[in-house]
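Step one of this worksheet: look at the structure below.
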Amino acid sequence: MKTRGAVVGVNGNVITVRFEGPIMQNEVAHVLLERGRLKAEVVRVQGDRADLQVFEDTKGLRQSDPVEFTGELLSVQLGPGLLGQVYDGLQNPLKAISDVHGFFLPRGTAFPALDPERKWEFTPMLNAGDRVRAGSPVGFVSEGVFRHSIFVPFDFSGRGRVLKTSPSGLYTLNQPVCTVENGEGHSQEVALGFRWPIKRPVTCYREKLPVRTPLLTRIRLIDTLFPVARGGTFAIPGPFGAGKTVLQQITSRNALIDIVIIAACGERAGEVVETIREFPKLKDPFTGRFLMERTIIICNTSSMPVAAREASVYTAVTLGEYYRQMGLHVLLLADSTSRWAQAMRERSSRMEEIPGEEAFPAYLESVIAAFYERAGEVRLAQGGTGSLTIGGSVSPAGGSFDEPVTQATLKVVGAFHGLSRDRSEARKYPAIDPLESWTRYPGFIDLSFREAVLRVLRHGHEIEQMMKVVGEEGTPLEDYVIFLKAELLDRVYLQQNAFDAVDAATSEERQRHVFCLLHMILGSVFVFADKDEARQCFDRLRLLFLDYNGAEWQSLEFQEMETRIVERVLEAVQPSDSDMAESFREILRDHDVESSFHRSRFALTGTSVAASGPREEMHVQDLQQGQPDRG
Amino acid sequence: MFKTYSRVNRIAGNVIVVSAPGAAYGELAHVSTDAGFSLANVIRIDGDQAYLQVFRGSSGISTEARVRFLGRELTVSCSENVIGRVFDGTGRPRDGGPALEEALVPVGGPPVNPVKRVIPSRMIRTGIPMIDMFNSLVESQKISVFTVAGEPSNELIARVALQAEVDAIILGGMGLRYQDYLFFRNAVEAQGALDRTVLFVHTAADPVVEALAVPDVALAVAERFALGGKRVLVLLSDMMNFCDALKEIAIIMEQIPSNRGYPGDLYSQLASRYEKAVDFEGAGSITILSVTTMPGNDLTHPVPDNTGYITEGQYYLYKGRIEPFGSLSRLKQFVNRKTREDHRPLMDAMVQLYAYYQDTLEKKAMGFRLSDWDRKLLRYGRFFEQKLMDLSVDLPLEGALDTGWDILSECFLPEETGLRSSLIQAHWRGDAREAITA
């Protein structure tokens, strides 16, 4: 017997319901209207009254409208067929809705998240008598290129064993393929799909592992200087217009990962449109399959019901955990977590809770922390590992990182890519500020090299600031050269041309290689007669590098441009810096003699930048010697 | 059939509370005042108490006022007959013409399904280089003019609207000065554009709450027109007044303010309006150009801040010019690659150089000796401001690009521009080859 109730108050998307019978916090209920049912969630109970947040427009609701409680927490459907889907925050498939309703999203529509008719080729992996527990794979189906495990539902209690399995063959989503029994003798049927409450983390793994392996985004500034790791978390805060969304879009395309889940939470619909329209046409260069086949989009954009924003990030993270459980590497990009926080604030305000900072509820921090903690690389009970990496963009009010959502996020994430308006207005992409950002993860470039480069940037920035006070003429030539070096690094390495087919995504190999070349240039002692000559030299280098960045990796043009860069550097480099000059000359000789770059000594040096060993010491020294002017 | 109640329990600000069991959330009502009737709508239900915001204000409402519930939400006529007419914020005629009762559509309809949206692809040419060349306006874009008091913002949006090739222009005026209203009307008439224009005007003299309905009413008509195949441009001026009306109601309703008195749902309120901008595949489109006057030129004020996150860019109008810094069209990359191959790189290079020019200005102001490079930049900046930034410049995009190359060639050596050599060879005025190798 379901608990029932009736509406007694409406305040925006929060309604008050008088009920009779048992109800549960966060239980799902429906307001029954003449046309359709509005989904809602219990958010507070007081005596015989409960406050519910409604996931739809509440227009037209009135006193005494009937409400029906479901006895179930807000859940998502798991199972094969999730990949390639575009869902709203409550996992309604938007394409199916558009087939029926056209341009608009009428309220009160609910569609099954997965096609219940579709048949999947199931292959069992277990036999009767095999031991199982929650999250044990009993078999698999093929979903695109992935082997999609079919699990004993995650709420299965204790250890158990298989009673019987069905033979290989075609099964629909809800057809049982296996029967299992737990220690207390309760038997349960396992189907291809099952439901799971979105606010409850999936913990059917053996252990969470330390986060180490770099996750390649092919954005140089990130991979080289502020890397992200598989199973880690990162935040991208930035004022409006600084390029958060572009950065996330490009990451979703270029990241080396199995599955990407995009949670468009409370942002413009236009931002996901490009993804929705182009991913089915774009191919992943690594698997050769369409990007959409590895992507799930959860789309609760800003004009869609506010209450469902919160659900959208939890839906996304639950789907991520589900695929992690199969031993896959999943990247969740949430844009933007601030909108979710604002949705909490709206609800909190309607419930007249005592507000915390900037009217956000007091539980803001703990909720954000718990969300990011669902990321991680895990060792699975069945062997192997899987990972879920979470990258959240933050839209700080007024562009100030001091606001509560940014601060709560920074406390829990492992990398911080702070976008700056100054950089974006100067048309610098990505607009990540290298002087403000940080990471706690190791990358493929050794830390000491990263720090050496950051020192040049910092020093260059200091000199630039100083120049604003004392003027260019009051700046010593040596300082001016450091400023130019920092600018060169920024312009030709940290910035990328997102619209250039080659420059938009840089492979790890190429990053190592070019980083090494730049590292050598930064470490060289240049001799110039005056500042004009220095500026001209660096202007030309910059121009050469831009063409170099646009050339295909290891193409003839690439090598030609590299030769010209090195020649240009050699012209200006101090003759007494003979070691450095010799290394540069060696690059030239290699280019002359053979086109295969891998065999050159330079390429070897390039690799050694990343490996740890005694050579590193030498390089850092080179770099420091290159700046006699410092300190 | 309509229920009438006459027990007003509370009157505070522009909100009244009536004992009205059975009132629906969002329902419209007629409230009697000493000066006739006012529309009101239900903004909260608490037991049998209904809270109504009264569009004409609560002045003159008695505790025994008759409140007649209409059993429907706010609607607006979307027939072709609205064209050429002037209405007030709730859709009643203010031009002396007949009230329209046909093709009534409820305002604030459901959101567009994101999977039905298409990637914007058509540029709207305005003849203003700072828009066409540097931050192109794109069909189905929502973009705001960020400005400060005293700037010619209404003149700017009127010029864009009248030069743009669109099928219908819908003006939603909120808190407009009467003079601005007259300006719009005269501008439309002078250009003979009345046959494609609808005006919903709330002036500064009208009750504040009425401003709240303006965007919804204007956008409901726009949506209907767009579904009928029209390319519609909606002008909303000034969204700051809309937000201030929201703030007023929120405070009367004792909502906890989040930032400078504005309600916590400011973002969602703005988003639900701006997100009406859309390109209906196989039908028409809605483009929204709004004005947001920033108090004290403060970009971090909650209204421009939230607007900036919602809209697809902004034009920063300051001291009579659209500044390249602070202005941004987020959709320009969808159209810039189809214009001319040099469009994007030239624009980037020119803006970057203009940034250096600004640094040099600072330097100059502080009395530092200027290098040759600085002098080049100063010259460049002057040309740039005269030939491209000045609002009186009226050039097609191609003309603006050519002017850009003229300016660069006049002021710099090719390698100083940071442009790729292939472009320089194609467009540089004079012998670029020689200049590079020199």
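The chains in the structure tokens are called A, B, ... from first to last as shown; in each chain the residues are counted from 1, and the ligands are counted from 1 in the order shown.
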
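Close contacts of A:Ile250, defined as residues with an atom at most 10 Å away when counting only C-alpha atoms, with chain neighbours fewer than 3 positions off set aside, comprise Thr217, Arg218, Ile219, Thr245, Val246, Leu247, Arg253, Asn254, Ala255, Thr275, Ala498, Ala504 and Ala505 of chain A.
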
6 Å contact set for stretch 314-328 of chain B, only C-alpha atoms, chain neighbours under 2 positions out, as a count of residues only: 8

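Atom pair atom CA of A:Tyr322 / atom CA of A:Val202: separated by 7.5 Å.
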
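If only C-alpha atoms are the atoms counted, then among A:Ile354, A:Leu221, A:Met304, A:Ala551 the closest residue to B:Ile256 is A:Ile354.
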
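In plain terms, chain A touches chain B through Val8, Gly9, Val10, Asn11, Lys59, Gly60, Leu61, Arg62, Gln63, Phe103, Phe104, Leu105, Pro106, Phe240, Ala269, Ser302, Ser303, Glu346, Glu358, Ala359, Gly398, Glu425, Ala426 and Gly471 of chain A, where touching means an atom at most 6 Å away, counting only C-alpha atoms.
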
Quick one: residues within 8 Å of stretch 20-30 of chain A, only C-alpha atoms counted, chain neighbours fewer than 5 positions away excluded, as an mmCIF file with N, CA, C and O atoms, in the first residue's frame?
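Result file around-v7.cif:
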```cif
data_model
loop_
_atom_site.group_PDB
_atom_site.id
_atom_site.type_symbol
_atom_site.label_atom_id
_atom_site.label_comp_id
_atom_site.auth_asym_id
_atom_site.auth_seq_id
_atom_site.Cartn_x
_atom_site.Cartn_y
_atom_site.Cartn_z
ATOM 1 N N THR A 3 1.996 5.063 0.328
ATOM 2 C CA THR A 3 1.601 6.214 1.121
ATOM 3 C C THR A 3 1.080 7.303 0.191
ATOM 4 O O THR A 3 1.618 7.514 -0.888
ATOM 5 N N ARG A 4 0.043 7.979 0.628
ATOM 6 C CA ARG A 4 -0.511 9.049 -0.207
ATOM 7 C C ARG A 4 -0.583 10.343 0.569
ATOM 8 O O ARG A 4 -0.479 10.353 1.797
ATOM 9 N N GLY A 5 -0.733 11.426 -0.122
ATOM 10 C CA GLY A 5 -0.818 12.715 0.542
ATOM 11 C C GLY A 5 -1.498 13.724 -0.348
ATOM 12 O O GLY A 5 -1.982 13.392 -1.433
ATOM 13 N N ARG A 37 2.126 13.252 -14.513
ATOM 14 C CA ARG A 37 2.558 13.135 -13.127
ATOM 15 C C ARG A 37 3.858 13.904 -12.983
ATOM 16 O O ARG A 37 4.741 13.771 -13.806
ATOM 17 N N LEU A 38 3.956 14.692 -11.937
ATOM 18 C CA LEU A 38 5.181 15.451 -11.720
ATOM 19 C C LEU A 38 6.032 14.738 -10.686
ATOM 20 O O LEU A 38 5.591 14.483 -9.579
ATOM 21 N N LYS A 39 7.248 14.449 -11.072
ATOM 22 C CA LYS A 39 8.156 13.731 -10.186
ATOM 23 C C LYS A 39 8.700 14.688 -9.123
ATOM 24 O O LYS A 39 9.012 15.847 -9.419
ATOM 25 N N ALA A 40 8.817 14.201 -7.899
ATOM 26 C CA ALA A 40 9.319 15.040 -6.808
ATOM 27 C C ALA A 40 10.102 14.172 -5.839
ATOM 28 O O ALA A 40 10.020 12.945 -5.885
ATOM 29 N N GLU A 41 10.854 14.829 -4.969
ATOM 30 C CA GLU A 41 11.693 14.115 -4.013
ATOM 31 C C GLU A 41 11.479 14.721 -2.637
ATOM 32 O O GLU A 41 11.454 15.953 -2.488
ATOM 33 N N VAL A 42 11.357 13.861 -1.630
ATOM 34 C CA VAL A 42 11.171 14.347 -0.264
ATOM 35 C C VAL A 42 12.481 14.971 0.214
ATOM 36 O O VAL A 42 13.540 14.344 0.130
ATOM 37 N N VAL A 43 12.417 16.223 0.698
ATOM 38 C CA VAL A 43 13.642 16.843 1.192
ATOM 39 C C VAL A 43 13.571 17.213 2.670
ATOM 40 O O VAL A 43 14.570 17.524 3.291
ATOM 41 N N ARG A 44 12.359 17.183 3.250
ATOM 42 C CA ARG A 44 12.255 17.464 4.688
ATOM 43 C C ARG A 44 10.923 16.936 5.182
ATOM 44 O O ARG A 44 9.906 17.009 4.486
ATOM 45 N N VAL A 45 10.929 16.394 6.383
ATOM 46 C CA VAL A 45 9.687 15.884 6.975
ATOM 47 C C VAL A 45 9.498 16.551 8.327
ATOM 48 O O VAL A 45 10.434 16.638 9.128
ATOM 49 N N ASP A 48 3.207 15.589 10.135
ATOM 50 C CA ASP A 48 2.485 14.973 9.025
ATOM 51 C C ASP A 48 2.681 15.752 7.732
ATOM 52 O O ASP A 48 1.941 15.586 6.778
ATOM 53 N N VAL A 67 -0.972 13.392 -4.039
ATOM 54 C CA VAL A 67 0.448 13.037 -4.163
ATOM 55 C C VAL A 67 0.592 11.565 -3.805
ATOM 56 O O VAL A 67 -0.041 11.090 -2.864
ATOM 57 N N GLU A 68 1.427 10.864 -4.582
ATOM 58 C CA GLU A 68 1.615 9.434 -4.326
ATOM 59 C C GLU A 68 3.102 9.176 -4.095
ATOM 60 O O GLU A 68 3.928 9.597 -4.906
ATOM 61 N N PHE A 69 3.429 8.537 -2.982
ATOM 62 C CA PHE A 69 4.834 8.236 -2.687
ATOM 63 C C PHE A 69 5.183 6.861 -3.250
ATOM 64 O O PHE A 69 4.331 5.975 -3.289
ATOM 65 N N THR A 70 6.438 6.693 -3.681
ATOM 66 C CA THR A 70 6.794 5.445 -4.353
ATOM 67 C C THR A 70 7.519 4.452 -3.457
ATOM 68 O O THR A 70 7.626 3.280 -3.778
ATOM 69 N N GLY A 71 8.064 4.924 -2.339
ATOM 70 C CA GLY A 71 8.828 4.024 -1.486
ATOM 71 C C GLY A 71 10.226 3.751 -2.016
ATOM 72 O O GLY A 71 10.964 2.936 -1.467
ATOM 73 N N GLU A 72 10.632 4.443 -3.098
ATOM 74 C CA GLU A 72 11.941 4.195 -3.699
ATOM 75 C C GLU A 72 12.749 5.484 -3.704
ATOM 76 O O GLU A 72 12.209 6.571 -3.911
ATOM 77 N N LEU A 73 14.046 5.379 -3.463
ATOM 78 C CA LEU A 73 14.898 6.553 -3.568
ATOM 79 C C LEU A 73 15.077 6.902 -5.036
ATOM 80 O O LEU A 73 14.858 6.075 -5.916
ATOM 81 N N LEU A 74 15.524 8.122 -5.278
ATOM 82 C CA LEU A 74 15.749 8.568 -6.653
ATOM 83 C C LEU A 74 16.842 7.685 -7.269
ATOM 84 O O LEU A 74 17.970 7.638 -6.774
#
```

Could you pull the residues within 12 Å of B:Arg94, counting only C-alpha atoms, minus those fewer than 3 positions along the same chain, as a JSON list (two decimals) with all heavy atoms, in the first residue's frame?
```json
[["chain", "number", "residue", "atom", "x", "y", "z"],
["B", 85, "ARG", "N", 1.96, 47.00, -33.69],
["B", 85, "ARG", "CA", 1.22, 47.52, -32.53],
["B", 85, "ARG", "C", 2.14, 47.77, -31.35],
["B", 85, "ARG", "O", 3.26, 47.27, -31.30],
["B", 85, "ARG", "CB", 0.15, 46.49, -32.12],
["B", 85, "ARG", "CG", -0.91, 46.19, -33.18],
["B", 85, "ARG", "CD", -1.94, 47.29, -33.29],
["B", 85, "ARG", "NE", -2.47, 47.68, -31.99],
["B", 85, "ARG", "CZ", -3.54, 47.11, -31.42],
["B", 85, "ARG", "NH1", -4.18, 46.14, -32.00],
["B", 85, "ARG", "NH2", -3.97, 47.53, -30.24],
["B", 86, "VAL", "N", 1.60, 48.54, -30.40],
["B", 86, "VAL", "CA", 2.34, 48.80, -29.15],
["B", 86, "VAL", "C", 1.49, 48.33, -27.99],
["B", 86, "VAL", "O", 0.30, 48.67, -27.89],
["B", 86, "VAL", "CB", 2.63, 50.31, -28.99],
["B", 86, "VAL", "CG1", 3.53, 50.53, -27.77],
["B", 86, "VAL", "CG2", 3.27, 50.87, -30.24],
["B", 87, "PHE", "N", 2.10, 47.52, -27.13],
["B", 87, "PHE", "CA", 1.38, 46.99, -25.98],
["B", 87, "PHE", "C", 2.11, 47.35, -24.69],
["B", 87, "PHE", "O", 3.29, 47.71, -24.72],
["B", 87, "PHE", "CB", 1.28, 45.45, -26.06],
["B", 87, "PHE", "CG", 0.61, 44.97, -27.31],
["B", 87, "PHE", "CD1", 1.34, 44.67, -28.44],
["B", 87, "PHE", "CD2", -0.77, 44.82, -27.35],
["B", 87, "PHE", "CE1", 0.73, 44.22, -29.60],
["B", 87, "PHE", "CE2", -1.40, 44.37, -28.50],
["B", 87, "PHE", "CZ", -0.65, 44.07, -29.63],
["B", 88, "ASP", "N", 1.42, 47.17, -23.56],
["B", 88, "ASP", "CA", 2.11, 47.37, -22.29],
["B", 88, "ASP", "C", 2.72, 46.05, -21.84],
["B", 88, "ASP", "O", 2.69, 45.04, -22.57],
["B", 88, "ASP", "CB", 1.18, 47.99, -21.24],
["B", 88, "ASP", "CG", 0.17, 46.99, -20.70],
["B", 88, "ASP", "OD1", 0.19, 45.81, -21.13],
["B", 88, "ASP", "OD2", -0.64, 47.38, -19.85],
["B", 89, "GLY", "N", 3.26, 46.04, -20.63],
["B", 89, "GLY", "CA", 4.01, 44.87, -20.17],
["B", 89, "GLY", "C", 3.19, 43.60, -20.08],
["B", 89, "GLY", "O", 3.73, 42.50, -20.16],
["B", 90, "THR", "N", 1.87, 43.71, -19.91],
["B", 90, "THR", "CA", 1.08, 42.50, -19.79],
["B", 90, "THR", "C", 0.32, 42.21, -21.07],
["B", 90, "THR", "O", -0.54, 41.35, -21.11],
["B", 90, "THR", "CB", 0.10, 42.58, -18.61],
["B", 90, "THR", "OG1", -0.62, 43.81, -18.70],
["B", 90, "THR", "CG2", 0.84, 42.52, -17.30],
["B", 91, "GLY", "N", 0.62, 42.95, -22.11],
["B", 91, "GLY", "CA", 0.04, 42.63, -23.41],
["B", 91, "GLY", "C", -1.23, 43.41, -23.75],
["B", 91, "GLY", "O", -1.91, 43.09, -24.72],
["B", 97, "GLY", "N", -5.32, 51.12, -29.99],
["B", 97, "GLY", "CA", -5.94, 50.15, -30.90],
["B", 97, "GLY", "C", -6.76, 49.14, -30.12],
["B", 97, "GLY", "O", -6.81, 49.16, -28.89],
["B", 98, "PRO", "N", -7.43, 48.23, -30.84],
["B", 98, "PRO", "CA", -8.27, 47.24, -30.17],
["B", 98, "PRO", "C", -7.44, 46.18, -29.44],
["B", 98, "PRO", "O", -6.33, 45.88, -29.86],
["B", 98, "PRO", "CB", -9.05, 46.60, -31.32],
["B", 98, "PRO", "CG", -8.17, 46.79, -32.51],
["B", 98, "PRO", "CD", -7.42, 48.07, -32.31],
["B", 99, "ALA", "N", -8.00, 45.66, -28.34],
["B", 99, "ALA", "CA", -7.34, 44.54, -27.65],
["B", 99, "ALA", "C", -7.46, 43.30, -28.53],
["B", 99, "ALA", "O", -8.44, 43.15, -29.26],
["B", 99, "ALA", "CB", -8.01, 44.30, -26.31],
["B", 100, "LEU", "N", -6.46, 42.46, -28.50],
["B", 100, "LEU", "CA", -6.48, 41.27, -29.37],
["B", 100, "LEU", "C", -6.79, 40.04, -28.53],
["B", 100, "LEU", "O", -6.16, 39.80, -27.51],
["B", 100, "LEU", "CB", -5.12, 41.10, -30.06],
["B", 100, "LEU", "CG", -4.73, 42.27, -30.98],
["B", 100, "LEU", "CD1", -3.32, 42.07, -31.50],
["B", 100, "LEU", "CD2", -5.71, 42.36, -32.14],
["B", 181, "TYR", "N", 11.39, 55.30, -25.36],
["B", 181, "TYR", "CA", 10.27, 54.65, -26.04],
["B", 181, "TYR", "C", 9.95, 55.39, -27.33],
["B", 181, "TYR", "O", 9.81, 54.79, -28.40],
["B", 181, "TYR", "CB", 9.08, 54.58, -25.08],
["B", 181, "TYR", "CG", 7.73, 54.45, -25.74],
["B", 181, "TYR", "CD1", 7.50, 53.44, -26.67],
["B", 181, "TYR", "CD2", 6.70, 55.31, -25.41],
["B", 181, "TYR", "CE1", 6.25, 53.31, -27.27],
["B", 181, "TYR", "CE2", 5.45, 55.19, -26.01],
["B", 181, "TYR", "CZ", 5.24, 54.20, -26.94],
["B", 181, "TYR", "OH", 4.01, 54.08, -27.53],
["B", 198, "VAL", "N", 6.94, 44.63, -33.37],
["B", 198, "VAL", "CA", 5.96, 44.64, -32.28],
["B", 198, "VAL", "C", 6.65, 45.26, -31.08],
["B", 198, "VAL", "O", 7.81, 44.94, -30.79],
["B", 198, "VAL", "CB", 5.50, 43.22, -31.89],
["B", 198, "VAL", "CG1", 4.32, 43.28, -30.96],
["B", 198, "VAL", "CG2", 5.20, 42.39, -33.12],
["B", 199, "LEU", "N", 5.96, 46.15, -30.37],
["B", 199, "LEU", "CA", 6.57, 46.77, -29.20],
["B", 199, "LEU", "C", 5.78, 46.42, -27.94],
["B", 199, "LEU", "O", 4.55, 46.61, -27.89],
["B", 199, "LEU", "CB", 6.63, 48.30, -29.36],
["B", 199, "LEU", "CG", 7.64, 48.83, -30.37],
["B", 199, "LEU", "CD1", 7.00, 48.96, -31.73],
["B", 199, "LEU", "CD2", 8.22, 50.15, -29.94],
["B", 200, "PHE", "N", 6.49, 45.87, -26.95],
["B", 200, "PHE", "CA", 5.91, 45.68, -25.61],
["B", 200, "PHE", "C", 6.66, 46.63, -24.71],
["B", 200, "PHE", "O", 7.86, 46.46, -24.47],
["B", 200, "PHE", "CB", 6.08, 44.25, -25.13],
["B", 200, "PHE", "CG", 5.26, 43.27, -25.92],
["B", 200, "PHE", "CD1", 5.82, 42.57, -26.97],
["B", 200, "PHE", "CD2", 3.92, 43.07, -25.62],
["B", 200, "PHE", "CE1", 5.07, 41.68, -27.72],
["B", 200, "PHE", "CE2", 3.16, 42.18, -26.37],
["B", 200, "PHE", "CZ", 3.73, 41.49, -27.42],
["B", 201, "VAL", "N", 5.98, 47.65, -24.24],
["B", 201, "VAL", "CA", 6.71, 48.71, -23.58],
["B", 201, "VAL", "C", 6.23, 48.92, -22.16],
["B", 201, "VAL", "O", 5.04, 49.11, -21.91],
["B", 201, "VAL", "CB", 6.58, 50.03, -24.38],
["B", 201, "VAL", "CG1", 7.21, 51.16, -23.61],
["B", 201, "VAL", "CG2", 7.25, 49.87, -25.73],
["B", 202, "HIS", "N", 7.17, 48.84, -21.26],
["B", 202, "HIS", "CA", 6.92, 49.21, -19.88],
["B", 202, "HIS", "C", 7.82, 50.39, -19.61],
["B", 202, "HIS", "O", 9.04, 50.29, -19.77],
["B", 202, "HIS", "CB", 7.27, 48.02, -18.98],
["B", 202, "HIS", "CG", 7.37, 48.38, -17.53],
["B", 202, "HIS", "ND1", 8.55, 48.73, -16.94],
["B", 202, "HIS", "CD2", 6.42, 48.48, -16.57],
["B", 202, "HIS", "CE1", 8.33, 49.01, -15.67],
["B", 202, "HIS", "NE2", 7.06, 48.85, -15.42],
["B", 203, "THR", "N", 7.25, 51.53, -19.28],
["B", 203, "THR", "CA", 8.10, 52.70, -19.07],
["B", 203, "THR", "C", 8.39, 52.87, -17.59],
["B", 203, "THR", "O", 7.77, 52.22, -16.73],
["B", 203, "THR", "CB", 7.43, 53.98, -19.60],
["B", 203, "THR", "OG1", 6.29, 54.24, -18.79],
["B", 203, "THR", "CG2", 7.02, 53.82, -21.05],
["B", 206, "ASP", "N", 5.50, 53.34, -15.27],
["B", 206, "ASP", "CA", 4.53, 52.27, -14.99],
["B", 206, "ASP", "C", 4.90, 51.54, -13.71],
["B", 206, "ASP", "O", 6.04, 51.58, -13.27],
["B", 206, "ASP", "CB", 4.49, 51.29, -16.16],
["B", 206, "ASP", "CG", 4.03, 51.95, -17.44],
["B", 206, "ASP", "OD1", 3.17, 52.84, -17.36],
["B", 206, "ASP", "OD2", 4.57, 51.60, -18.52]]
```

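Closest to B:Asp167 among B:Ile83, B:Met350, B:Leu361, B:Ala29 is B:Ile83, based on only C-alpha atoms.
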
Write out as number ranges by chain the residues lying within 12 Å of A:Arg491, counting only C-alpha atoms and excluding same-chain residues fewer than 3 positions away. A: 220-221, 423, 426-431, 457, 484-488, 494-497, 518, 538-539, 541-546, 549; B: 352, 418

Those residues you just picked out, can you put them in a file as a compact mmCIF listing (two decimals), in the first residue's frame with N, CA and C atoms?
```txt
# COMPACT_ATOMS: atom_id res chain seq x y z
N ARG A 220 48.68 20.99 -23.82
CA ARG A 220 50.06 21.02 -23.32
C ARG A 220 50.16 21.62 -21.93
N LEU A 221 49.44 22.73 -21.74
CA LEU A 221 49.54 23.41 -20.45
C LEU A 221 49.13 22.47 -19.32
N ARG A 423 43.85 36.56 -19.35
CA ARG A 423 44.40 35.71 -20.40
C ARG A 423 43.39 35.48 -21.52
N ALA A 426 43.12 38.45 -23.71
CA ALA A 426 44.27 38.59 -24.59
C ALA A 426 44.28 37.46 -25.62
N ARG A 427 43.13 36.79 -25.76
CA ARG A 427 42.96 35.73 -26.75
C ARG A 427 43.93 34.57 -26.51
N LYS A 428 44.21 34.28 -25.26
CA LYS A 428 45.11 33.17 -24.98
C LYS A 428 44.28 31.93 -24.68
N TYR A 429 44.52 30.88 -25.44
CA TYR A 429 43.83 29.63 -25.17
C TYR A 429 44.87 28.55 -24.90
N PRO A 430 44.73 27.71 -23.91
CA PRO A 430 43.71 27.81 -22.86
C PRO A 430 44.05 28.95 -21.90
N ALA A 431 43.02 29.54 -21.33
CA ALA A 431 43.23 30.70 -20.48
C ALA A 431 43.58 30.31 -19.05
N LEU A 457 58.63 31.31 -15.82
CA LEU A 457 57.37 32.05 -16.02
C LEU A 457 57.16 33.07 -14.92
N LEU A 484 61.34 37.95 -22.23
CA LEU A 484 61.05 37.46 -23.58
C LEU A 484 60.97 35.94 -23.61
N LYS A 485 61.84 35.30 -22.84
CA LYS A 485 61.81 33.82 -22.79
C LYS A 485 60.48 33.34 -22.22
N ALA A 486 60.06 33.97 -21.13
CA ALA A 486 58.80 33.57 -20.51
C ALA A 486 57.65 33.78 -21.50
N GLU A 487 57.73 34.88 -22.23
CA GLU A 487 56.66 35.17 -23.17
C GLU A 487 56.65 34.15 -24.31
N LEU A 488 57.85 33.79 -24.75
CA LEU A 488 57.94 32.80 -25.82
C LEU A 488 57.32 31.47 -25.38
N LEU A 494 52.50 27.02 -24.06
CA LEU A 494 51.35 26.96 -23.16
C LEU A 494 50.06 27.27 -23.91
N GLN A 495 50.15 28.13 -24.91
CA GLN A 495 48.96 28.41 -25.70
C GLN A 495 48.87 27.47 -26.88
N GLN A 496 47.65 27.13 -27.21
CA GLN A 496 47.42 26.25 -28.35
C GLN A 496 46.35 26.87 -29.23
N ASN A 497 46.41 26.58 -30.49
CA ASN A 497 45.37 27.06 -31.37
C ASN A 497 44.30 25.98 -31.48
N LEU A 518 62.27 23.50 -26.03
CA LEU A 518 62.03 24.79 -25.39
C LEU A 518 62.84 24.93 -24.11
N PHE A 538 63.29 37.18 -30.72
CA PHE A 538 62.23 36.38 -30.14
C PHE A 538 60.94 36.46 -30.97
N ASP A 539 60.71 37.60 -31.59
CA ASP A 539 59.55 37.70 -32.48
C ASP A 539 59.67 36.68 -33.60
N LEU A 541 61.52 33.94 -33.61
CA LEU A 541 61.40 32.59 -33.05
C LEU A 541 59.93 32.23 -32.88
N ARG A 542 59.20 33.19 -32.38
CA ARG A 542 57.78 32.93 -32.13
C ARG A 542 57.06 32.57 -33.43
N LEU A 543 57.35 33.36 -34.45
CA LEU A 543 56.73 33.12 -35.74
C LEU A 543 57.07 31.72 -36.25
N LEU A 544 58.36 31.35 -36.11
CA LEU A 544 58.79 30.02 -36.56
C LEU A 544 58.07 28.94 -35.77
N PHE A 545 57.96 29.16 -34.47
CA PHE A 545 57.32 28.16 -33.63
C PHE A 545 55.85 27.98 -34.00
N LEU A 546 55.18 29.07 -34.35
CA LEU A 546 53.76 28.95 -34.69
C LEU A 546 53.58 28.04 -35.90
N ASN A 549 54.33 24.50 -34.78
CA ASN A 549 53.21 23.88 -34.06
C ASN A 549 52.11 23.42 -35.00
N GLN B 352 45.33 41.43 -30.08
CA GLN B 352 46.51 41.28 -29.24
C GLN B 352 47.38 42.54 -29.32
N GLY B 418 52.74 38.73 -35.54
CA GLY B 418 52.46 37.39 -35.03
C GLY B 418 51.56 36.58 -35.94
```

Per DSSP on the backbone, what are the strand (DSSP E or B) residues of stretch 247-397 of chain A, as a PyMOL selection string? chain A and resi 259-265+283+290+295-300+329-335+376-380+385-394

Could you pull the residues within 8 Å of B:Lys332, counting only C-alpha atoms, minus those fewer than 3 positions along the same chain, as JSON, numbers by chain? {"B": [135, 136, 137, 138, 329, 335, 336]}

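Minimum distance to A:Arg131 across A:Leu78, A:Cys299, A:Val7, A:Ala381 (counting only C-alpha atoms) occurs at A:Ala381.
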
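Residues lying within 12 Å of A:His186, counting only C-alpha atoms and ignoring same-chain neighbours fewer than 5 positions away, are Phe156, Ser157, Gly158, Arg159, Gly160, Arg161, Val162, Leu163, Thr179, Val180 and Glu181 of chain A.
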